[in-house]
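Text of input.cif (mmCIF, C-alpha atoms and all ligand atoms) as supplied:
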```cif
data_input
#
loop_
_atom_site.label_atom_id
_atom_site.label_comp_id
_atom_site.auth_asym_id
_atom_site.auth_seq_id
_atom_site.Cartn_x
_atom_site.Cartn_y
_atom_site.Cartn_z
CA MET A 1 -32.78 9.75 -8.00
CA PHE A 2 -31.19 6.66 -9.55
CA ALA A 3 -27.86 8.52 -9.97
CA ALA A 4 -27.80 8.76 -6.14
CA GLY A 5 -27.97 4.98 -6.03
CA ILE A 6 -25.17 4.06 -8.43
CA ASP A 7 -22.03 5.56 -6.84
CA THR A 8 -23.25 4.76 -3.34
CA SER A 9 -23.63 1.05 -4.11
CA THR A 10 -20.45 0.63 -6.19
CA VAL A 11 -18.27 2.56 -3.71
CA THR A 12 -19.59 0.38 -0.86
CA ILE A 13 -18.81 -2.80 -2.81
CA GLU A 14 -15.31 -1.53 -3.68
CA SER A 15 -14.60 -0.76 0.00
CA ALA A 16 -15.88 -4.20 1.06
CA LEU A 17 -13.67 -5.97 -1.51
CA ALA A 18 -10.66 -3.89 -0.46
CA GLU A 19 -11.18 -4.85 3.19
CA LEU A 20 -11.61 -8.53 2.23
CA LEU A 21 -8.37 -8.52 0.24
CA VAL A 22 -6.56 -7.08 3.25
CA HIS A 23 -8.22 -9.76 5.45
CA PRO A 24 -7.99 -13.06 3.50
CA ASP A 25 -9.29 -15.06 6.48
CA ILE A 26 -12.56 -13.07 6.40
CA LEU A 27 -12.75 -13.43 2.60
CA GLN A 28 -12.33 -17.19 2.98
CA LYS A 29 -15.08 -17.38 5.64
CA ALA A 30 -17.46 -15.45 3.38
CA GLN A 31 -16.67 -17.73 0.43
CA ASN A 32 -17.13 -20.84 2.61
CA GLU A 33 -20.56 -19.57 3.68
CA LEU A 34 -21.52 -18.96 0.03
CA GLU A 35 -20.24 -22.38 -1.01
CA ALA A 36 -22.39 -24.03 1.68
CA VAL A 37 -25.56 -22.02 0.96
CA VAL A 38 -25.38 -21.42 -2.81
CA GLY A 39 -22.65 -23.64 -4.30
CA SER A 40 -21.07 -23.20 -7.70
CA THR A 41 -23.89 -24.30 -9.99
CA ARG A 42 -25.92 -21.08 -9.97
CA LEU A 43 -25.84 -17.35 -9.24
CA VAL A 44 -26.72 -16.03 -5.80
CA ARG A 45 -30.41 -15.03 -5.63
CA GLU A 46 -32.01 -12.33 -3.51
CA SER A 47 -33.82 -15.07 -1.58
CA ASP A 48 -30.43 -16.51 -0.47
CA ILE A 49 -29.38 -13.32 1.35
CA PRO A 50 -31.17 -14.00 4.69
CA ASP A 51 -29.23 -17.30 4.84
CA LEU A 52 -25.89 -15.47 4.54
CA PRO A 53 -25.42 -13.83 7.99
CA TYR A 54 -21.65 -13.50 7.60
CA LEU A 55 -22.02 -11.65 4.28
CA ILE A 56 -24.63 -9.35 5.89
CA ALA A 57 -22.19 -8.69 8.77
CA ILE A 58 -19.42 -7.84 6.28
CA VAL A 59 -21.67 -5.25 4.62
CA LYS A 60 -22.56 -3.70 8.01
CA GLU A 61 -18.90 -3.55 9.02
CA THR A 62 -18.02 -1.95 5.66
CA MET A 63 -20.76 0.65 6.14
CA ARG A 64 -19.52 1.37 9.69
CA LEU A 65 -15.93 2.05 8.64
CA HIS A 66 -16.55 3.39 5.12
CA PRO A 67 -19.91 5.23 5.03
CA VAL A 68 -20.27 6.52 1.47
CA LEU A 69 -21.88 9.78 2.58
CA PRO A 70 -19.75 10.54 5.67
CA LEU A 71 -21.73 13.69 6.56
CA MET A 72 -25.00 12.42 5.05
CA VAL A 73 -26.60 15.37 3.21
CA PRO A 74 -27.01 18.81 4.84
CA HIS A 75 -30.20 19.26 6.87
CA THR A 76 -31.76 22.54 8.03
CA THR A 77 -33.56 23.02 11.32
CA MET A 78 -37.18 24.13 10.83
CA GLN A 79 -37.54 25.56 14.34
CA ASP A 80 -35.39 26.54 17.34
CA CYS A 81 -34.36 23.43 19.21
CA GLU A 82 -31.96 22.12 21.84
CA VAL A 83 -29.68 19.15 21.24
CA SER A 84 -27.50 17.81 24.08
CA GLY A 85 -27.63 21.19 25.86
CA TYR A 86 -26.79 23.23 22.73
CA ASP A 87 -29.32 25.80 21.50
CA ILE A 88 -29.73 25.48 17.74
CA PRO A 89 -31.61 28.37 16.08
CA ARG A 90 -34.11 27.87 13.27
CA THR A 91 -32.58 27.60 9.72
CA THR A 92 -29.21 26.32 10.98
CA GLN A 93 -27.51 24.01 8.51
CA ALA A 94 -26.67 20.79 10.34
CA TYR A 95 -24.36 17.94 9.33
CA VAL A 96 -24.35 14.55 11.04
CA ASN A 97 -20.87 13.00 11.02
CA VAL A 98 -21.74 9.32 10.59
CA TRP A 99 -18.10 8.55 9.78
CA ALA A 100 -17.11 9.67 13.30
CA ILE A 101 -20.12 7.92 14.89
CA GLY A 102 -18.92 4.66 13.30
CA ARG A 103 -15.56 5.15 15.04
CA ASP A 104 -16.83 6.41 18.39
CA PRO A 105 -14.78 4.70 21.15
CA THR A 106 -17.70 4.97 23.59
CA VAL A 107 -19.75 2.75 21.28
CA TRP A 108 -17.33 0.43 19.46
CA ASP A 109 -14.61 -1.90 20.76
CA ASP A 110 -11.53 -2.35 18.55
CA LEU A 111 -13.02 0.43 16.49
CA LEU A 112 -10.37 0.55 13.79
CA LEU A 113 -10.38 -3.21 13.19
CA PHE A 114 -12.50 -4.73 10.42
CA LEU A 115 -14.45 -7.29 12.47
CA PRO A 116 -17.73 -8.48 10.89
CA GLU A 117 -18.11 -10.88 13.83
CA ARG A 118 -19.13 -7.93 16.03
CA PHE A 119 -22.52 -7.96 14.25
CA LEU A 120 -23.22 -11.70 14.39
CA ALA A 121 -24.63 -11.72 17.91
CA SER A 122 -26.09 -8.22 17.72
CA ASP A 123 -29.40 -6.72 16.59
CA LEU A 124 -27.68 -3.56 15.31
CA ASP A 125 -29.03 -2.73 11.89
CA VAL A 126 -28.37 -0.10 9.20
CA ARG A 127 -32.00 0.93 8.64
CA GLY A 128 -31.97 4.11 10.71
CA GLN A 129 -33.31 2.73 14.00
CA HIS A 130 -29.89 2.38 15.66
CA PHE A 131 -28.11 5.72 15.88
CA GLU A 132 -24.70 4.04 16.29
CA LEU A 133 -24.81 3.02 12.62
CA LEU A 134 -26.46 5.39 10.15
CA PRO A 135 -25.10 4.75 6.62
CA PHE A 136 -28.54 5.57 5.15
CA GLY A 137 -29.43 8.38 7.57
CA SER A 138 -32.56 8.27 9.68
CA GLY A 139 -36.03 9.75 9.90
CA ARG A 140 -38.05 11.64 7.34
CA ARG A 141 -35.10 12.50 5.06
CA ALA A 142 -33.35 9.12 5.29
CA CYS A 143 -32.31 7.47 2.04
CA PRO A 144 -35.44 6.54 0.04
CA GLY A 145 -33.36 3.96 -1.87
CA LEU A 146 -32.34 2.00 1.24
CA ALA A 147 -34.06 -1.27 0.32
CA LEU A 148 -32.81 -1.19 -3.28
CA GLY A 149 -29.30 -0.04 -2.30
CA LEU A 150 -28.87 -2.66 0.42
CA SER A 151 -30.22 -5.41 -1.80
CA ASN A 152 -27.86 -4.36 -4.66
CA VAL A 153 -24.85 -4.36 -2.36
CA HIS A 154 -25.67 -7.75 -0.83
CA LEU A 155 -26.42 -9.41 -4.14
CA MET A 156 -23.50 -7.97 -6.14
CA LEU A 157 -20.95 -8.60 -3.42
CA ALA A 158 -22.26 -12.14 -2.87
CA ASN A 159 -22.04 -12.94 -6.59
CA LEU A 160 -18.56 -11.42 -6.95
CA LEU A 161 -17.31 -13.50 -4.01
CA ASN A 162 -19.06 -16.69 -5.07
CA ALA A 163 -18.14 -16.63 -8.75
CA PHE A 164 -14.53 -15.41 -8.55
CA LYS A 165 -11.29 -16.11 -6.76
CA TRP A 166 -9.78 -12.77 -5.70
CA GLU A 167 -6.10 -11.84 -5.43
CA LYS A 168 -4.34 -8.61 -4.53
CA LEU A 169 -2.11 -7.00 -7.13
CA GLY A 170 0.28 -5.09 -4.89
CA GLU A 171 -0.67 -3.49 -1.59
CA VAL A 172 -4.29 -2.49 -1.03
CA ASP A 173 -4.57 1.13 0.12
CA LEU A 174 -7.54 1.58 2.48
CA SER A 175 -7.12 5.34 2.89
CA GLU A 176 -10.06 7.45 1.80
CA LYS A 177 -10.61 10.61 -0.22
CA PHE A 178 -12.99 12.87 1.65
CA GLY A 179 -15.91 14.34 -0.29
CA ILE A 180 -19.71 14.40 -0.31
CA VAL A 181 -19.28 10.85 -1.57
CA MET A 182 -16.23 9.35 0.14
CA THR A 183 -14.25 6.92 -2.03
CA LEU A 184 -10.99 5.01 -1.61
CA ALA A 185 -8.09 7.41 -2.29
CA SER A 186 -6.61 4.93 -4.81
CA PRO A 187 -8.98 2.78 -6.85
CA LEU A 188 -8.81 -0.91 -5.93
CA VAL A 189 -6.79 -3.02 -8.39
CA ALA A 190 -7.25 -6.77 -7.96
CA LYS A 191 -7.22 -9.97 -10.01
CA ALA A 192 -10.47 -11.92 -10.37
CA THR A 193 -10.37 -15.50 -11.71
CA LEU A 194 -13.61 -17.27 -12.57
CA LYS A 195 -14.20 -20.20 -10.22
CA VAL A 196 -17.65 -21.34 -11.37
CA PRO A 197 -18.52 -22.84 -14.78
CA THR A 198 -18.92 -20.07 -17.41
CA HIS A 199 -22.60 -20.92 -18.06
CA VAL A 200 -23.41 -19.98 -14.44
CA LEU A 201 -22.76 -16.32 -15.35
CA ASP A 202 -25.56 -16.52 -17.96
CA GLY A 203 -27.93 -16.84 -15.03
CA LYS A 204 -29.43 -20.10 -16.32
CA ASP A 205 -29.61 -22.08 -13.10
CA SER A 206 -28.67 -25.73 -13.16
CA ALA A 207 -29.86 -26.35 -9.59
C1 LIG B 301 -25.44 1.53 -0.55
C2 LIG B 301 -26.35 2.31 -1.09
C3 LIG B 301 -26.79 3.64 -0.54
C4 LIG B 301 -26.35 4.37 0.55
C5 LIG B 301 -25.26 3.99 1.55
C6 LIG B 301 -27.13 5.60 0.59
C7 LIG B 301 -26.99 6.58 1.58
C8 LIG B 301 -27.75 7.75 1.62
C9 LIG B 301 -27.66 8.75 2.68
C10 LIG B 301 -26.74 8.69 3.89
C11 LIG B 301 -28.52 9.72 2.37
C12 LIG B 301 -28.77 11.01 3.18
C13 LIG B 301 -29.73 10.73 4.32
C14 LIG B 301 -29.82 11.87 5.30
O1 LIG B 301 -29.13 12.88 5.14
O2 LIG B 301 -30.60 11.76 6.26
C15 LIG B 301 -29.16 9.38 1.12
C16 LIG B 301 -30.10 10.17 0.47
C17 LIG B 301 -30.68 9.84 -0.74
N1 LIG B 301 -30.55 8.63 -1.43
FE1 LIG B 301 -29.36 7.09 -0.88
N2 LIG B 301 -28.01 5.61 -0.46
C18 LIG B 301 -27.85 4.44 -1.17
C19 LIG B 301 -28.57 4.02 -2.27
C20 LIG B 301 -29.55 4.77 -2.89
C21 LIG B 301 -30.36 4.31 -4.01
C22 LIG B 301 -30.28 2.92 -4.64
C23 LIG B 301 -31.17 5.36 -4.37
C24 LIG B 301 -32.21 5.48 -5.45
C25 LIG B 301 -32.56 4.55 -6.30
C26 LIG B 301 -30.88 6.46 -3.46
C27 LIG B 301 -31.47 7.69 -3.51
C28 LIG B 301 -31.31 8.71 -2.56
C29 LIG B 301 -31.98 10.01 -2.63
C30 LIG B 301 -32.92 10.51 -3.72
C31 LIG B 301 -31.58 10.73 -1.47
C32 LIG B 301 -32.01 12.14 -1.03
C33 LIG B 301 -33.23 12.03 -0.10
C34 LIG B 301 -33.68 13.36 0.48
O3 LIG B 301 -32.95 14.35 0.44
O4 LIG B 301 -34.82 13.43 0.99
N3 LIG B 301 -29.91 6.06 -2.57
N4 LIG B 301 -28.69 8.15 0.68
#
```

Any chance you could put this one into structure tokens?
Amino acid sequence: MFAAGIDTSTVTIESALAELLVHPDILQKAQNELEAVVGSTRLVRESDIPDLPYLIAIVKETMRLHPVLPLMVPHTTMQDCEVSGYDIPRTTQAYVNVWAIGRDPTVWDDLLLFLPERFLASDLDVRGQHFELLPFGSGRRACPGLALGLSNVHLMLANLLNAFKWEKLGEVDLSEKFGIVMTLASPLVAKATLKVPTHVLDGKDSA
């Protein structure tokens, strides 16, 4: 069960960092928000996350464009049913293409652009209640690690952005390698330079 949580979280963080390196203005806005809310004297805590709406929007936008499980996991129908006028017999294996749903032009404006702002004035969430955005699936077989996974992604990304200055080393390739778990086709290579005092990384808060 925990193996299912490791790749999913790290791949999401890698995709977010790749998008931020391609969009330095968005990276700067996220770091400004962290500077204002957390500062450079301590690590980001879980309790800070609700005060970081721009970071939360970045994670949603990353999950829209780069869902780690693009077809979720296969489901099987338990009884005959009808979906949008199609008759689906019992025991049919069904895949839900959340990658395509995240790029559906009837739902999203500027669908190929990385625009965290689209979530700032919206109630759209990733917890399975809004079918436009289903990075964790929905219903009875939705991801049981949602709370842990989301918290990991928020906290790790926030700390990486707050503690380090990030620079591209060459061009960042955002193309993806399709698979059950979808990763970037070329691993992200970037330079991180510490921008907080070293003792902050020990986790011993000075504020
Ligand atoms: C960013 C983090 C994560 C993402 C995006 C994610 C996404 C998903 C998705 C899309 C599914 C399939 C849902 C469906 O088909 O309806 C799933 C299933 C699952 N996830 Fe996650 N997950 C994450 C983190 C975690 C963590 C942290 C754990 C465990 C500690 C975990 C454990 C599982 C398990 C066991 C299943 C299979 C559930 C079943 O078949 O009933 N996941 N996850």

Q.
As a quick test: using all atoms listed in the file, which residues lie no more than 7 Å away from ligand LIG 301 (chain B)? Give them as a ChimeraX atom specification.
A. /A:1-6,8-9,12,67-69,72-75,135-139,141-146,148-150,153

Q) Between A:Leu188, A:Leu194, A:Leu71, A:Val181, which has the minimum distance to Leu161 of chain A (counting only C-alpha atoms)? A)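 Closest to Leu161 of chain A, using only C-alpha atoms: A:Leu194.
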
Q: Find the residues near Phe131 of chain A: any atom within 12 Å, counting all atoms listed in the file, skip ones fewer than 2 places away on the same chain, and give them as a list of chain:residue names.
A: A:Arg64, A:Val96, A:Asn97, A:Val98, A:Ala100, A:Ile101, A:Gly102, A:Asp104, A:Val107, A:Leu124, A:Asp125, A:Val126, A:Arg127, A:Gly128, A:Gln129, A:Leu133, A:Leu134, A:Pro135, A:Phe136, A:Gly137, A:Ser138, A:Gly139

Q. Do you know which residues are at most 10 Å from Thr41 of chain A counting all atoms listed in the file, after dropping those on the same chain fewer than 2 positions away, and could you put them as a PyMOL selection string?
A. chain A and resi 35+38-39+43-44+163+196-201+203-207

Q) Which one is closest to Lys191 of chain A: A:Arg118, A:Lys165, A:Lys177, A:His154? Count only C-alpha atoms. A)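 With only C-alpha atoms as the atom set, the closest residue is A:Lys165.
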
Q | Option closest in space to Val59 of chain A, from A:Ala158, A:Val172, A:Met78, A:Val22 [counting only C-alpha atoms] | A |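 Comparing A:Ala158, A:Val172, A:Met78, A:Val22 against Val59 of chain A, the winner is A:Ala158.
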
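Atom CA of Thr10 of chain A to atom CA of Lys29 of chain A spans 22.2 Å [interatomic distance, one decimal].
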
Identify, on the basis of only C-alpha atoms, every residue whose closest approach to Ala16 of chain A does not exceed 9 Å; exclude the query and any residue fewer than 5 positions from it along the same chain; express the result as a short mmCIF file (atom, residue, chain, number, x, y, z; two decimals) with C-alpha atoms, keeping the file's coordinate frame.
```
data_model
loop_
_atom_site.label_atom_id
_atom_site.label_comp_id
_atom_site.auth_asym_id
_atom_site.auth_seq_id
_atom_site.Cartn_x
_atom_site.Cartn_y
_atom_site.Cartn_z
CA VAL A 11 -18.27 2.56 -3.71
CA LEU A 21 -8.37 -8.52 0.24
CA ILE A 58 -19.42 -7.84 6.28
CA VAL A 59 -21.67 -5.25 4.62
CA GLU A 61 -18.90 -3.55 9.02
CA THR A 62 -18.02 -1.95 5.66
CA MET A 63 -20.76 0.65 6.14
CA HIS A 66 -16.55 3.39 5.12
CA LEU A 157 -20.95 -8.60 -3.42
#
```

Could you name the residues that touch Leu155 of chain A at 8 Å or less, counting all atoms listed in the file, but leaving out those on the same chain fewer than 5 positions away, as a PDB file with C-alpha atoms, in the coordinates of the input?
```pdb
ATOM      1  CA  VAL A  44     -26.720 -16.030  -5.800  1.00  0.00           C
ATOM      2  CA  ARG A  45     -30.410 -15.030  -5.630  1.00  0.00           C
ATOM      3  CA  GLU A  46     -32.010 -12.330  -3.510  1.00  0.00           C
ATOM      4  CA  ILE A  49     -29.380 -13.320   1.350  1.00  0.00           C
TER       5      ILE A  49
END
```

Q | Distance criterion (only C-alpha atoms): nearest to His23 of chain A out of A:Ser175, A:Thr193, A:Ser186, A:Leu113 | A |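 Closest candidate: A:Leu113.
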
Q) At most 9 Å from (-25.5, -19.8, 4.6), file frame, only C-alpha atoms: which residues, as a ChimeraX atom specification? A) /A:32-38,48-55

Q: Just give me the gap between atom CA of Ala121 of chain A and atom CA of Asn159 of chain A in Å, one decimal is fine.
A: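 According to the coordinates, atom CA of Ala121 of chain A and atom CA of Asn159 of chain A are separated by 24.7 Å.
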
Q: Have a look at A:Gln79, A:Glu132, A:Ile26, A:Ile88 and name the one nearest to Pro105 of chain A; count all atoms listed in the file.
A: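 Smallest separation from Pro105 of chain A among the options: A:Glu132.
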
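In terms of minimum interatomic distance to Trp166 of chain A, A:Lys195 ranks closest within A:Cys81, A:Pro70, A:Ile56, A:Lys195, counting only C-alpha atoms.
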
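Rounded to one decimal, atom CA of Asn162 of chain A and atom CA of Phe119 of chain A lie 21.5 Å from each other.
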
Save segment 134-157 of chain A to a file: N, CA and C atoms, as a PDB file, in the first residue's frame.
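Saved file out-v7.pdb follows:
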```
ATOM      1  N   LEU A 134      -9.890  14.504 -11.440  1.00  0.00           N
ATOM      2  CA  LEU A 134      -9.958  13.269 -10.641  1.00  0.00           C
ATOM      3  C   LEU A 134      -8.585  12.600 -10.467  1.00  0.00           C
ATOM      4  N   PRO A 135      -7.571  13.318  -9.999  1.00  0.00           N
ATOM      5  CA  PRO A 135      -6.244  12.690  -9.894  1.00  0.00           C
ATOM      6  C   PRO A 135      -6.197  11.555  -8.880  1.00  0.00           C
ATOM      7  N   PHE A 136      -7.171  11.488  -7.955  1.00  0.00           N
ATOM      8  CA  PHE A 136      -7.195  10.403  -6.970  1.00  0.00           C
ATOM      9  C   PHE A 136      -8.370   9.457  -7.222  1.00  0.00           C
ATOM     10  N   GLY A 137      -9.039   9.583  -8.374  1.00  0.00           N
ATOM     11  CA  GLY A 137     -10.223   8.769  -8.621  1.00  0.00           C
ATOM     12  C   GLY A 137     -11.401   9.293  -7.824  1.00  0.00           C
ATOM     13  N   SER A 138     -12.438   8.470  -7.742  1.00  0.00           N
ATOM     14  CA  SER A 138     -13.649   8.897  -7.044  1.00  0.00           C
ATOM     15  C   SER A 138     -14.409   7.666  -6.573  1.00  0.00           C
ATOM     16  N   GLY A 139     -15.228   7.840  -5.555  1.00  0.00           N
ATOM     17  CA  GLY A 139     -16.108   6.745  -5.132  1.00  0.00           C
ATOM     18  C   GLY A 139     -15.404   5.703  -4.292  1.00  0.00           C
ATOM     19  N   ARG A 140     -16.023   4.527  -4.258  1.00  0.00           N
ATOM     20  CA  ARG A 140     -15.606   3.465  -3.346  1.00  0.00           C
ATOM     21  C   ARG A 140     -14.148   3.019  -3.534  1.00  0.00           C
ATOM     22  N   ARG A 141     -13.675   3.039  -4.792  1.00  0.00           N
ATOM     23  CA  ARG A 141     -12.304   2.575  -5.053  1.00  0.00           C
ATOM     24  C   ARG A 141     -11.333   3.737  -5.262  1.00  0.00           C
ATOM     25  N   ALA A 142     -11.705   4.924  -4.834  1.00  0.00           N
ATOM     26  CA  ALA A 142     -10.781   6.065  -4.944  1.00  0.00           C
ATOM     27  C   ALA A 142      -9.549   5.797  -4.091  1.00  0.00           C
ATOM     28  N   CYS A 143      -8.521   6.595  -4.301  1.00  0.00           N
ATOM     29  CA  CYS A 143      -7.252   6.380  -3.594  1.00  0.00           C
ATOM     30  C   CYS A 143      -7.447   6.468  -2.075  1.00  0.00           C
ATOM     31  N   PRO A 144      -7.093   5.390  -1.342  1.00  0.00           N
ATOM     32  CA  PRO A 144      -7.233   5.460   0.115  1.00  0.00           C
ATOM     33  C   PRO A 144      -6.132   6.308   0.760  1.00  0.00           C
ATOM     34  N   GLY A 145      -5.097   6.644  -0.039  1.00  0.00           N
ATOM     35  CA  GLY A 145      -3.986   7.443   0.514  1.00  0.00           C
ATOM     36  C   GLY A 145      -4.105   8.917   0.181  1.00  0.00           C
ATOM     37  N   LEU A 146      -5.304   9.352  -0.240  1.00  0.00           N
ATOM     38  CA  LEU A 146      -5.477  10.742  -0.693  1.00  0.00           C
ATOM     39  C   LEU A 146      -4.952  11.768   0.330  1.00  0.00           C
ATOM     40  N   ALA A 147      -5.386  11.652   1.564  1.00  0.00           N
ATOM     41  CA  ALA A 147      -5.018  12.683   2.548  1.00  0.00           C
ATOM     42  C   ALA A 147      -3.505  12.701   2.753  1.00  0.00           C
ATOM     43  N   LEU A 148      -2.909  11.497   2.876  1.00  0.00           N
ATOM     44  CA  LEU A 148      -1.461  11.422   3.081  1.00  0.00           C
ATOM     45  C   LEU A 148      -0.716  11.918   1.839  1.00  0.00           C
ATOM     46  N   GLY A 149      -1.163  11.461   0.651  1.00  0.00           N
ATOM     47  CA  GLY A 149      -0.496  11.832  -0.599  1.00  0.00           C
ATOM     48  C   GLY A 149      -0.536  13.340  -0.824  1.00  0.00           C
ATOM     49  N   LEU A 150      -1.714  13.925  -0.626  1.00  0.00           N
ATOM     50  CA  LEU A 150      -1.863  15.362  -0.873  1.00  0.00           C
ATOM     51  C   LEU A 150      -1.020  16.165   0.131  1.00  0.00           C
ATOM     52  N   SER A 151      -1.039  15.722   1.370  1.00  0.00           N
ATOM     53  CA  SER A 151      -0.271  16.409   2.397  1.00  0.00           C
ATOM     54  C   SER A 151       1.232  16.313   2.093  1.00  0.00           C
ATOM     55  N   ASN A 152       1.697  15.121   1.680  1.00  0.00           N
ATOM     56  CA  ASN A 152       3.113  14.940   1.302  1.00  0.00           C
ATOM     57  C   ASN A 152       3.505  15.885   0.188  1.00  0.00           C
ATOM     58  N   VAL A 153       2.665  15.941  -0.849  1.00  0.00           N
ATOM     59  CA  VAL A 153       2.992  16.758  -2.020  1.00  0.00           C
ATOM     60  C   VAL A 153       3.045  18.238  -1.621  1.00  0.00           C
ATOM     61  N   HIS A 154       2.029  18.699  -0.885  1.00  0.00           N
ATOM     62  CA  HIS A 154       2.024  20.107  -0.466  1.00  0.00           C
ATOM     63  C   HIS A 154       3.260  20.442   0.369  1.00  0.00           C
ATOM     64  N   LEU A 155       3.523  19.590   1.348  1.00  0.00           N
ATOM     65  CA  LEU A 155       4.589  19.905   2.301  1.00  0.00           C
ATOM     66  C   LEU A 155       5.969  19.821   1.653  1.00  0.00           C
ATOM     67  N   MET A 156       6.199  18.772   0.855  1.00  0.00           N
ATOM     68  CA  MET A 156       7.527  18.625   0.229  1.00  0.00           C
ATOM     69  C   MET A 156       7.769  19.726  -0.782  1.00  0.00           C
ATOM     70  N   LEU A 157       6.751  19.994  -1.610  1.00  0.00           N
ATOM     71  CA  LEU A 157       6.934  21.037  -2.624  1.00  0.00           C
ATOM     72  C   LEU A 157       7.162  22.388  -1.929  1.00  0.00           C
TER      73      LEU A 157
END
```
